[in-house]
file start.pdb (PDB, C-alpha atoms)
ATOM      1  CA  MET A 358      40.172   9.491 -46.529
ATOM      2  CA  ASP A 359      36.947   7.526 -46.141
ATOM      3  CA  GLY A 360      38.644   4.482 -44.600
ATOM      4  CA  SER A 361      40.238   6.544 -41.857
ATOM      5  CA  LEU A 362      36.983   8.391 -41.127
ATOM      6  CA  ASN A 363      35.162   5.053 -40.790
ATOM      7  CA  LEU A 364      37.862   3.849 -38.442
ATOM      8  CA  VAL A 365      37.668   6.945 -36.240
ATOM      9  CA  ILE A 366      33.862   6.645 -35.990
ATOM     10  CA  LEU A 367      34.008   2.911 -35.187
ATOM     11  CA  SER A 368      36.778   3.504 -32.645
ATOM     12  CA  MET A 369      34.703   6.135 -30.851
ATOM     13  CA  VAL A 370      31.648   3.848 -30.820
ATOM     14  CA  MET A 371      33.830   1.025 -29.495
ATOM     15  CA  LEU A 372      35.300   3.205 -26.755
ATOM     16  CA  PHE A 373      31.912   4.394 -25.493
ATOM     17  CA  GLY A 374      30.257   1.016 -26.053
ATOM     18  CA  SER A 375      32.728  -0.974 -23.988
ATOM     19  CA  TYR A 376      32.880   1.730 -21.305
ATOM     20  CA  LEU A 377      29.087   1.835 -20.976
ATOM     21  CA  SER A 378      28.632  -1.941 -21.028
ATOM     22  CA  GLY A 379      31.338  -2.186 -18.372
ATOM     23  CA  SER A 380      29.526   0.382 -16.252
ATOM     24  CA  ILE A 381      26.306  -1.666 -16.141
ATOM     25  CA  PRO A 382      27.320  -3.836 -13.133
ATOM     26  CA  LEU A 383      28.084  -0.632 -11.203
ATOM     27  CA  PHE A 384      24.398   0.341 -11.469
ATOM     28  CA  MET A 385      22.373  -2.869 -11.833
ATOM     29  CA  SER A 386      22.727  -6.632 -11.673
ATOM     30  CA  LEU A 387      22.165  -8.810 -14.745
ATOM     31  CA  SER A 388      21.283 -12.489 -14.603
ATOM     32  CA  GLU A 389      24.219 -14.773 -15.242
ATOM     33  CA  GLU A 390      22.332 -16.767 -17.900
ATOM     34  CA  LYS A 391      21.781 -13.699 -20.080
ATOM     35  CA  LEU A 392      25.381 -12.629 -19.728
ATOM     36  CA  GLN A 393      26.478 -16.124 -20.674
ATOM     37  CA  LEU A 394      24.368 -16.123 -23.827
ATOM     38  CA  VAL A 395      25.961 -12.824 -24.889
ATOM     39  CA  SER A 396      29.404 -14.377 -24.258
ATOM     40  CA  VAL A 397      28.517 -17.421 -26.353
ATOM     41  CA  LEU A 398      27.176 -15.224 -29.168
ATOM     42  CA  GLY A 399      30.386 -13.175 -29.007
ATOM     43  CA  ALA A 400      32.511 -16.343 -29.199
ATOM     44  CA  GLY A 401      30.481 -17.620 -32.162
ATOM     45  CA  LEU A 402      30.877 -14.285 -33.936
ATOM     46  CA  LEU A 403      34.633 -14.269 -33.306
ATOM     47  CA  LEU A 404      34.908 -17.774 -34.770
ATOM     48  CA  GLY A 405      32.731 -16.992 -37.772
ATOM     49  CA  THR A 406      34.498 -13.701 -38.432
ATOM     50  CA  ALA A 407      37.962 -15.226 -38.172
ATOM     51  CA  LEU A 408      37.134 -18.186 -40.423
ATOM     52  CA  SER A 409      34.820 -16.638 -43.009
ATOM     53  CA  VAL A 410      35.832 -12.965 -43.147
ATOM     54  CA  ILE A 411      39.344 -12.226 -41.873
ATOM     55  CA  ILE A 412      41.175 -15.285 -43.232
ATOM     56  CA  PRO A 413      39.741 -14.986 -46.796
ATOM     57  CA  GLU A 414      40.382 -11.220 -46.786
ATOM     58  CA  GLY A 415      43.954 -11.680 -45.543
ATOM     59  CA  MET A 416      44.587 -14.371 -48.161
ATOM     60  CA  GLN A 417      43.205 -12.174 -50.915
ATOM     61  CA  THR A 418      45.338  -9.223 -49.814
ATOM     62  CA  LEU A 419      48.493 -11.367 -49.737
ATOM     63  CA  ASN A 420      47.692 -12.765 -53.185
ATOM     64  CA  MET A 421      47.230  -9.239 -54.526
ATOM     65  CA  ALA A 422      50.629  -8.295 -53.111
ATOM     66  CA  TYR A 423      52.198 -11.399 -54.677
ATOM     67  CA  ASN A 424      50.631 -10.678 -58.073
ATOM     68  CA  MET A 425      51.838  -7.077 -57.920
ATOM     69  CA  HIS A 426      55.310  -8.307 -57.035
ATOM     70  CA  LYS A 427      55.273 -10.689 -60.018
ATOM     71  CA  SER A 428      54.069  -8.044 -62.467
ATOM     72  CA  GLU A 429      56.745  -5.642 -61.181
ATOM     73  CA  GLU A 430      59.367  -8.287 -61.901
ATOM     74  CA  HIS A 431      58.019  -8.814 -65.409
ATOM     75  CA  HIS A 432      57.968  -5.124 -66.300
ATOM     76  CA  GLY A 433      61.319  -4.087 -64.891
ATOM     77  CA  GLY A 434      63.471  -6.065 -62.473
ATOM     78  CA  GLY A 435      63.529  -3.019 -60.173
ATOM     79  CA  GLY A 436      61.041  -4.410 -57.690
ATOM     80  CA  HIS A 437      63.049  -7.558 -57.175
ATOM     81  CA  SER A 438      66.032  -6.199 -55.317
ATOM     82  CA  HIS A 439      63.735  -4.213 -53.042
ATOM     83  CA  HIS A 440      61.585  -7.146 -52.050
ATOM     84  CA  GLY A 441      64.047 -10.025 -52.216
ATOM     85  CA  ALA A 442      64.767  -9.891 -48.491
ATOM     86  CA  ASP A 443      61.073 -10.169 -47.628
ATOM     87  CA  ASP A 444      60.630 -13.182 -49.822
ATOM     88  CA  ALA A 445      63.671 -14.904 -48.423
ATOM     89  CA  GLY A 446      62.288 -14.275 -44.965
ATOM     90  CA  SER A 447      58.942 -15.797 -45.851
ATOM     91  CA  GLY A 448      60.497 -19.110 -46.668
ATOM     92  CA  SER A 449      60.646 -19.062 -50.454
ATOM     93  CA  GLY A 450      64.379 -18.373 -50.766
ATOM     94  CA  ASP A 451      65.826 -17.936 -54.245
ATOM     95  CA  SER A 452      62.992 -19.733 -55.994
ATOM     96  CA  ASP A 453      60.513 -16.894 -55.540
ATOM     97  CA  HIS A 454      59.838 -16.950 -59.307
ATOM     98  CA  HIS A 455      58.332 -20.422 -59.148
ATOM     99  CA  ASP A 456      57.355 -20.679 -55.518
ATOM    100  CA  ASN A 457      54.368 -18.772 -54.215
ATOM    101  CA  PRO A 458      55.183 -17.854 -50.597
ATOM    102  CA  VAL A 459      51.571 -16.895 -49.828
ATOM    103  CA  PRO A 460      50.268 -20.264 -48.480
ATOM    104  CA  HIS A 461      53.308 -20.516 -46.220
ATOM    105  CA  LEU A 462      52.779 -16.965 -44.943
ATOM    106  CA  ILE A 463      49.103 -17.665 -44.248
ATOM    107  CA  GLY A 464      49.931 -20.607 -42.005
ATOM    108  CA  VAL A 465      52.761 -18.829 -40.213
ATOM    109  CA  SER A 466      50.676 -15.703 -39.497
ATOM    110  CA  LEU A 467      47.717 -17.703 -38.141
ATOM    111  CA  VAL A 468      49.872 -19.883 -35.901
ATOM    112  CA  LEU A 469      51.844 -16.888 -34.607
ATOM    113  CA  GLY A 470      48.623 -15.068 -33.714
ATOM    114  CA  PHE A 471      47.340 -18.112 -31.835
ATOM    115  CA  ILE A 472      50.638 -18.694 -29.984
ATOM    116  CA  PHE A 473      50.959 -14.991 -29.131
ATOM    117  CA  MET A 474      47.604 -15.035 -27.320
ATOM    118  CA  LEU A 475      48.446 -18.342 -25.657
ATOM    119  CA  ILE A 476      51.671 -16.903 -24.191
ATOM    120  CA  ILE A 477      49.965 -13.680 -23.036
ATOM    121  CA  ASP A 478      47.223 -15.731 -21.390
ATOM    122  CA  GLN A 479      49.669 -17.993 -19.617
ATOM    123  CA  ILE A 480      51.727 -15.062 -18.317
ATOM    124  CA  ALA A 481      48.589 -13.324 -17.013
ATOM    125  CA  THR A 482      47.257 -16.431 -15.229
ATOM    126  CA  SER A 483      50.594 -17.453 -13.675
ATOM    127  CA  LYS A 484      51.188 -13.874 -12.467
ATOM    128  CA  THR A 485      47.705 -13.796 -10.948
ATOM    129  CA  ARG A 486      48.345 -17.098  -9.196
ATOM    130  CA  ASP A 487      51.681 -15.922  -7.788
ATOM    131  CA  ILE A 488      50.178 -12.695  -6.505
ATOM    132  CA  GLU A 489      47.163 -14.467  -4.997
ATOM    133  CA  VAL A 490      49.546 -16.697  -3.071
ATOM    134  CA  GLY A 491      51.381 -13.589  -1.871
ATOM    135  CA  GLY A 492      48.044 -12.022  -0.923
ATOM    136  CA  LYS A 493      48.468  -8.643  -2.646
ATOM    137  CA  ARG A 494      45.048  -7.555  -3.842
ATOM    138  CA  GLY A 495      45.675  -4.502  -6.028
ATOM    139  CA  ALA A 496      48.260  -6.319  -8.076
ATOM    140  CA  VAL A 497      45.833  -9.130  -8.934
ATOM    141  CA  SER A 498      43.338  -6.664 -10.331
ATOM    142  CA  TRP A 499      45.988  -4.990 -12.484
ATOM    143  CA  THR A 500      47.115  -8.349 -13.868
ATOM    144  CA  ALA A 501      43.527  -9.202 -14.821
ATOM    145  CA  THR A 502      43.133  -5.820 -16.504
ATOM    146  CA  LEU A 503      46.486  -6.126 -18.277
ATOM    147  CA  GLY A 504      45.569  -9.518 -19.750
ATOM    148  CA  LEU A 505      42.321  -8.074 -21.104
ATOM    149  CA  VAL A 506      44.057  -4.932 -22.383
ATOM    150  CA  VAL A 507      46.444  -7.047 -24.487
ATOM    151  CA  HIS A 508      43.450  -9.026 -25.826
ATOM    152  CA  ALA A 509      41.739  -5.755 -26.703
ATOM    153  CA  ALA A 510      44.880  -4.410 -28.377
ATOM    154  CA  ALA A 511      45.004  -7.528 -30.566
ATOM    155  CA  ASP A 512      41.365  -6.851 -31.519
ATOM    156  CA  GLY A 513      42.434  -3.330 -32.461
ATOM    157  CA  VAL A 514      45.013  -4.751 -34.895
ATOM    158  CA  ALA A 515      42.187  -6.611 -36.669
ATOM    159  CA  LEU A 516      40.100  -3.448 -36.926
ATOM    160  CA  GLY A 517      43.026  -1.359 -38.191
ATOM    161  CA  ALA A 518      43.939  -3.961 -40.805
ATOM    162  CA  ALA A 519      40.299  -4.259 -41.905
ATOM    163  CA  ALA A 520      40.139  -0.475 -42.326
ATOM    164  CA  THR A 521      43.206  -0.593 -44.591
ATOM    165  CA  THR A 522      41.434  -2.962 -47.028
ATOM    166  CA  ASN A 523      38.968  -0.105 -47.679
ATOM    167  CA  GLN A 524      35.956  -2.437 -47.661
ATOM    168  CA  THR A 525      33.292  -1.088 -45.360
ATOM    169  CA  ASP A 526      31.359  -4.353 -44.965
ATOM    170  CA  VAL A 527      34.468  -6.233 -43.822
ATOM    171  CA  GLU A 528      35.194  -3.425 -41.374
ATOM    172  CA  ILE A 529      31.653  -3.478 -39.974
ATOM    173  CA  ILE A 530      31.643  -7.277 -39.493
ATOM    174  CA  VAL A 531      35.014  -7.239 -37.721
ATOM    175  CA  PHE A 532      33.763  -4.327 -35.605
ATOM    176  CA  LEU A 533      30.556  -6.188 -34.648
ATOM    177  CA  ALA A 534      32.495  -9.307 -33.674
ATOM    178  CA  ILE A 535      34.908  -7.308 -31.517
ATOM    179  CA  MET A 536      32.092  -5.297 -29.934
ATOM    180  CA  LEU A 537      30.026  -8.343 -29.010
ATOM    181  CA  HIS A 538      33.113  -9.915 -27.484
ATOM    182  CA  LYS A 539      34.265  -6.740 -25.711
ATOM    183  CA  ALA A 540      30.925  -5.954 -24.081
ATOM    184  CA  PRO A 541      30.814  -9.148 -21.955
ATOM    185  CA  ALA A 542      34.584  -8.861 -21.387
ATOM    186  CA  SER A 543      34.348  -5.348 -19.918
ATOM    187  CA  PHE A 544      31.248  -6.434 -18.003
ATOM    188  CA  GLY A 545      33.147  -9.432 -16.625
ATOM    189  CA  LEU A 546      36.175  -7.300 -15.752
ATOM    190  CA  VAL A 547      34.111  -4.868 -13.689
ATOM    191  CA  THR A 548      32.216  -7.688 -11.956
ATOM    192  CA  TYR A 549      35.545  -9.327 -11.073
ATOM    193  CA  LEU A 550      37.047  -6.070  -9.774
ATOM    194  CA  MET A 551      33.933  -5.403  -7.663
ATOM    195  CA  HIS A 552      34.241  -8.932  -6.307
ATOM    196  CA  GLU A 553      37.901  -8.152  -5.488
ATOM    197  CA  GLY A 554      36.655  -5.225  -3.416
ATOM    198  CA  LEU A 555      38.141  -2.306  -5.344
ATOM    199  CA  GLU A 556      36.619   1.141  -4.892
ATOM    200  CA  ARG A 557      34.509   2.454  -7.763
ATOM    201  CA  THR A 558      36.840   5.237  -8.909
ATOM    202  CA  ARG A 559      39.642   2.704  -9.390
ATOM    203  CA  ILE A 560      37.314   0.305 -11.182
ATOM    204  CA  ARG A 561      36.402   3.114 -13.589
ATOM    205  CA  ARG A 562      40.103   3.754 -14.216
ATOM    206  CA  HIS A 563      40.672   0.077 -15.065
ATOM    207  CA  LEU A 564      37.635   0.126 -17.335
ATOM    208  CA  LEU A 565      38.841   3.245 -19.153
ATOM    209  CA  VAL A 566      42.261   1.684 -19.811
ATOM    210  CA  PHE A 567      40.554  -1.438 -21.165
ATOM    211  CA  SER A 568      38.126   0.576 -23.331
ATOM    212  CA  LEU A 569      40.918   2.706 -24.815
ATOM    213  CA  ALA A 570      43.145  -0.241 -25.793
ATOM    214  CA  ALA A 571      41.363  -1.474 -28.950
ATOM    215  CA  PRO A 572      40.541   1.929 -30.545
ATOM    216  CA  THR A 573      44.083   3.208 -29.908
ATOM    217  CA  MET A 574      45.657   0.070 -31.352
ATOM    218  CA  GLY A 575      43.264   0.138 -34.307
ATOM    219  CA  ILE A 576      44.250   3.692 -35.243
ATOM    220  CA  LEU A 577      47.969   2.963 -34.720
ATOM    221  CA  THR A 578      47.759  -0.151 -36.920
ATOM    222  CA  PHE A 579      45.932   1.787 -39.618
ATOM    223  CA  LEU A 580      48.495   4.598 -39.583
ATOM    224  CA  SER A 581      51.493   2.270 -39.634
ATOM    225  CA  LEU A 582      50.023   0.166 -42.465
ATOM    226  CA  THR A 583      49.128   3.135 -44.669
ATOM    227  CA  VAL A 584      52.466   4.915 -44.219
ATOM    228  CA  HIS A 585      53.515   3.982 -47.785
ATOM    229  CA  GLY A 586      50.095   4.638 -49.320
ATOM    230  CA  ARG A 587      47.307   2.103 -49.710
ATOM    231  CA  GLU A 588      48.096   0.389 -52.979
ATOM    232  CA  ASN A 589      51.755  -0.055 -52.141
ATOM    233  CA  LEU A 590      53.176  -3.569 -52.200
ATOM    234  CA  ASP A 591      54.514  -3.424 -48.639
ATOM    235  CA  THR A 592      51.183  -2.093 -47.384
ATOM    236  CA  LEU A 593      49.256  -4.935 -49.013
ATOM    237  CA  SER A 594      51.499  -7.701 -47.692
ATOM    238  CA  ALA A 595      51.674  -6.167 -44.193
ATOM    239  CA  THR A 596      47.876  -5.792 -44.117
ATOM    240  CA  GLY A 597      47.415  -9.416 -45.158
ATOM    241  CA  VAL A 598      49.800 -10.663 -42.477
ATOM    242  CA  ALA A 599      48.205  -8.401 -39.823
ATOM    243  CA  MET A 600      44.728  -9.694 -40.681
ATOM    244  CA  LEU A 601      45.794 -13.334 -40.549
ATOM    245  CA  PHE A 602      47.682 -12.746 -37.298
ATOM    246  CA  SER A 603      44.558 -11.235 -35.739
ATOM    247  CA  ALA A 604      42.482 -14.156 -37.084
ATOM    248  CA  GLY A 605      44.796 -16.443 -35.104
ATOM    249  CA  THR A 606      44.218 -14.346 -31.964
ATOM    250  CA  PHE A 607      40.428 -14.413 -32.550
ATOM    251  CA  LEU A 608      40.477 -18.198 -32.872
ATOM    252  CA  TYR A 609      42.430 -18.508 -29.637
ATOM    253  CA  VAL A 610      40.144 -16.155 -27.693
ATOM    254  CA  ALA A 611      36.991 -17.879 -28.937
ATOM    255  CA  THR A 612      38.045 -21.515 -28.585
ATOM    256  CA  VAL A 613      40.423 -21.537 -25.624
ATOM    257  CA  HIS A 614      39.295 -18.553 -23.615
ATOM    258  CA  VAL A 615      35.564 -17.943 -23.928
ATOM    259  CA  LEU A 616      33.972 -21.299 -24.743
ATOM    260  CA  PRO A 617      35.614 -23.485 -22.050
ATOM    261  CA  GLU A 618      34.800 -20.793 -19.488
ATOM    262  CA  VAL A 619      31.155 -20.838 -20.530
ATOM    263  CA  THR A 620      30.865 -24.646 -20.470
ATOM    264  CA  ASN A 621      32.472 -24.819 -17.023
ATOM    265  CA  LEU A 622      30.263 -22.072 -15.647
ATOM    266  CA  GLY A 623      27.048 -23.334 -17.157
ATOM    267  CA  HIS A 624      27.291 -26.749 -15.607
ATOM    268  CA  GLY A 625      29.069 -25.898 -12.403
ATOM    269  CA  HIS A 626      25.825 -24.579 -10.888
ATOM    270  CA  GLN A 627      23.574 -27.466 -11.802
ATOM    271  CA  HIS A 628      25.896 -30.116 -10.463
ATOM    272  CA  GLY A 629      26.913 -28.466  -7.238
ATOM    273  CA  GLY A 630      30.145 -27.189  -8.711
ATOM    274  CA  GLY A 631      31.486 -30.729  -9.136
ATOM    275  CA  GLY A 632      33.326 -31.618 -12.329
ATOM    276  CA  GLY A 633      31.335 -34.852 -12.686
ATOM    277  CA  GLY A 634      28.405 -33.240 -14.524
ATOM    278  CA  GLU A 635      27.793 -33.437 -18.240
ATOM    279  CA  ALA A 636      30.118 -31.235 -20.236
ATOM    280  CA  GLY A 637      28.951 -29.159 -23.169
ATOM    281  CA  PHE A 638      26.445 -26.418 -23.899
ATOM    282  CA  SER A 639      22.762 -26.180 -23.192
ATOM    283  CA  LYS A 640      20.483 -26.211 -26.273
ATOM    284  CA  SER A 641      19.996 -22.457 -26.217
ATOM    285  CA  GLU A 642      23.758 -21.849 -25.936
ATOM    286  CA  MET A 643      24.395 -24.213 -28.838
ATOM    287  CA  ILE A 644      21.847 -22.435 -31.047
ATOM    288  CA  VAL A 645      23.241 -19.004 -30.152
ATOM    289  CA  LEU A 646      26.804 -20.184 -30.851
ATOM    290  CA  ILE A 647      25.847 -21.542 -34.290
ATOM    291  CA  ILE A 648      23.903 -18.359 -35.128
ATOM    292  CA  GLY A 649      26.936 -16.291 -34.115
ATOM    293  CA  ALA A 650      29.286 -18.376 -36.250
ATOM    294  CA  ILE A 651      27.002 -18.298 -39.324
ATOM    295  CA  MET A 652      26.102 -14.598 -39.134
ATOM    296  CA  PRO A 653      29.349 -13.284 -40.700
ATOM    297  CA  LEU A 654      28.772 -15.641 -43.657
ATOM    298  CA  PHE A 655      25.390 -14.092 -44.403
ATOM    299  CA  LEU A 656      26.764 -10.604 -43.910
ATOM    300  CA  THR A 657      29.507 -11.214 -46.496
ATOM    301  CA  MET A 658      27.210 -12.845 -49.068
ATOM    302  CA  GLY A 659      26.704  -9.617 -50.975
ATOM    303  CA  HIS A 660      30.440  -8.976 -50.901
ATOM    304  CA  HIS A 661      31.938 -10.011 -54.241
ATOM    305  CA  HIS A 662      35.678  -9.943 -54.819
TER     306      HIS A 662
END

call {"tool": "encode", "arguments": {"input": "start.pdb", "output": "structure tokens"}}
result
Amino acid sequence: MDGSLNLVILSMVMLFGSYLSGSIPLFMSLSEEKLQLVSVLGAGLLLGTALSVIIPEGMQTLNMAYNMHKSEEHHGGGGHSHHGADDAGSGSGDSDHHDNPVPHLIGVSLVLGFIFMLIIDQIATSKTRDIEVGGKRGAVSWTATLGLVVHAAADGVALGAAATTNQTDVEIIVFLAIMLHKAPASFGLVTYLMHEGLERTRIRRHLLVFSLAAPTMGILTFLSLTVHGRENLDTLSATGVAMLFSAGTFLYVATVHVLPEVTNLGHGHQHGGGGGGEAGFSKSEMIVLIIGAIMPLFLTMGHHH
């Protein structure tokens, strides 16, 4: 039960952490530069975690499932009829004896994760634009919160899948990446809602919904993945796909969502808000981003497969 206990503890920490970091703007004001550095570090960590922790873990899990499937076929053809449909679905068709479907699955899962976040993002922004034109305030704030809640739920999938692998260090790294990304996100959400002129009790409600999304989704993912038991073939392949899917969402959030926002913000002030200024990061932002991206590599160095 140690994986589920870890997950419950991390989920509680995540819930309180994002709620408290979101409450900061309600009590004090932080300088924008500091907040931006935390955002950049969070984006770097998301990138590093997706590329050097989640993708390798997901690939390894899928390979384990494939090897189990092959050995089942060798011992007694019983496993074949059960899993034939899955293999056909993953693009290997009848040649699943010779064709390893894993590389294909890796690509599909990553791309689907990326596209999923892209669509959610587009829906949220277009809705916000429509409502702003219509001039309804409360609805705008709910759309902003909803967009972030879906982001957070996708983070929860990563945490739940990491918990299923039963490797504490992977779990902790994924947790750190999510936490460092969630803290500025909840902070930003509250700042935006205050700017929109919502009363504090309603802001707290929005913040609570946002804070609950990732832990709830993490626990749900964990439960649904371990329904057949941990070492089961279906569990392994589903965990691998879930991890790669969430890696795709991490890559989207880091590269399309956080980093462009930071570069636009950082140089909007210095050049009077005009787009003519130099694009890119300041030196300190660049260093923090690289540190964030490299950190997961160092954290997994002691982790031998």

call {"tool": "residues_around", "arguments": {"input": "start.pdb", "residues": "Gly405 (chain A)", "least_positions_apart": "5", "cutoff": "9 Å", "atoms": "only C-alpha atoms", "output": "list in words"}}
result
Ala400, Val410, Ala534, Ile647, Gly649, Ala650, Ile651, Met652, Pro653 and Leu654 of chain A

call {"tool": "closest_residue", "arguments": {"input": "start.pdb", "among": "A:Leu392, A:Leu383, A:Val397, A:Ile412", "to": "Thr620 (chain A)", "atoms": "all atoms listed in the file"}}
result
A:Val397

call {"tool": "closest_residue", "arguments": {"input": "start.pdb", "among": "A:Ser380, A:Thr500, A:Thr573, A:Thr606", "to": "Gly513 (chain A)", "atoms": "only C-alpha atoms"}}
result
A:Thr573

call {"tool": "closest_residue", "arguments": {"input": "start.pdb", "among": "A:Ile530, A:Leu462, A:Leu564, A:Leu646", "to": "Ala407 (chain A)", "atoms": "only C-alpha atoms"}}
result
A:Ile530

call {"tool": "axis_aligned_box", "arguments": {"input": "start.pdb", "around": "region 393-409 of chain A", "padding_each_side": "5 Å", "output": "AutoDock Vina command-line options"}}
result
--center_x 31.2 --center_y -15.5 --center_z -31.8 --size_x 23.6 --size_y 15.4 --size_z 32.3

call {"tool": "closest_residue", "arguments": {"input": "start.pdb", "among": "A:Ser378, A:Thr418, A:Ser568, A:Thr657", "to": "Asn523 (chain A)", "atoms": "only C-alpha atoms"}}
result
A:Thr418

call {"tool": "atom_distance", "arguments": {"input": "start.pdb", "atom1": "CA of Tyr376 (chain A)", "atom2": "CA of Gly554 (chain A)"}}
result
19.6 Å

call {"tool": "residues_around", "arguments": {"input": "start.pdb", "residues": "Gly605 (chain A)", "least_positions_apart": "4", "cutoff": "12 Å", "atoms": "all atoms listed in the file", "output": "count of residues only"}}
result
35

call {"tool": "atom_distance", "arguments": {"input": "start.pdb", "atom1": "CA of Glu556 (chain A)", "atom2": "CA of Val507 (chain A)"}}
result
23.4 Å

call {"tool": "atom_distance", "arguments": {"input": "start.pdb", "atom1": "CA of Leu362 (chain A)", "atom2": "CA of Thr525 (chain A)"}}
result
11.0 Å

call {"tool": "resolve_selection", "arguments": {"input": "start.pdb", "expression": "the PyMOL selection byres ((chain A and resi 545) around 12)", "output": "JSON, numbers by chain"}}
result
{"A": [375, 378, 379, 380, 381, 382, 383, 386, 387, 389, 392, 393, 395, 396, 501, 502, 505, 538, 539, 540, 541, 542, 543, 544, 546, 547, 548, 549, 550, 551, 552, 560, 564, 567, 615, 618]}

call {"tool": "resolve_selection", "arguments": {"input": "start.pdb", "expression": "the PyMOL selection byres ((chain A and resi 521) around 8)", "output": "JSON list (two decimals) with C-alpha atoms, in the coordinates of the input"}}
result
[["chain", "number", "residue", "atom", "x", "y", "z"],
["A", 360, "GLY", "CA", 38.64, 4.48, -44.60],
["A", 517, "GLY", "CA", 43.03, -1.36, -38.19],
["A", 518, "ALA", "CA", 43.94, -3.96, -40.80],
["A", 519, "ALA", "CA", 40.30, -4.26, -41.90],
["A", 520, "ALA", "CA", 40.14, -0.48, -42.33],
["A", 522, "THR", "CA", 41.43, -2.96, -47.03],
["A", 523, "ASN", "CA", 38.97, -0.10, -47.68],
["A", 579, "PHE", "CA", 45.93, 1.79, -39.62],
["A", 582, "LEU", "CA", 50.02, 0.17, -42.46],
["A", 583, "THR", "CA", 49.13, 3.14, -44.67],
["A", 587, "ARG", "CA", 47.31, 2.10, -49.71],
["A", 596, "THR", "CA", 47.88, -5.79, -44.12]]
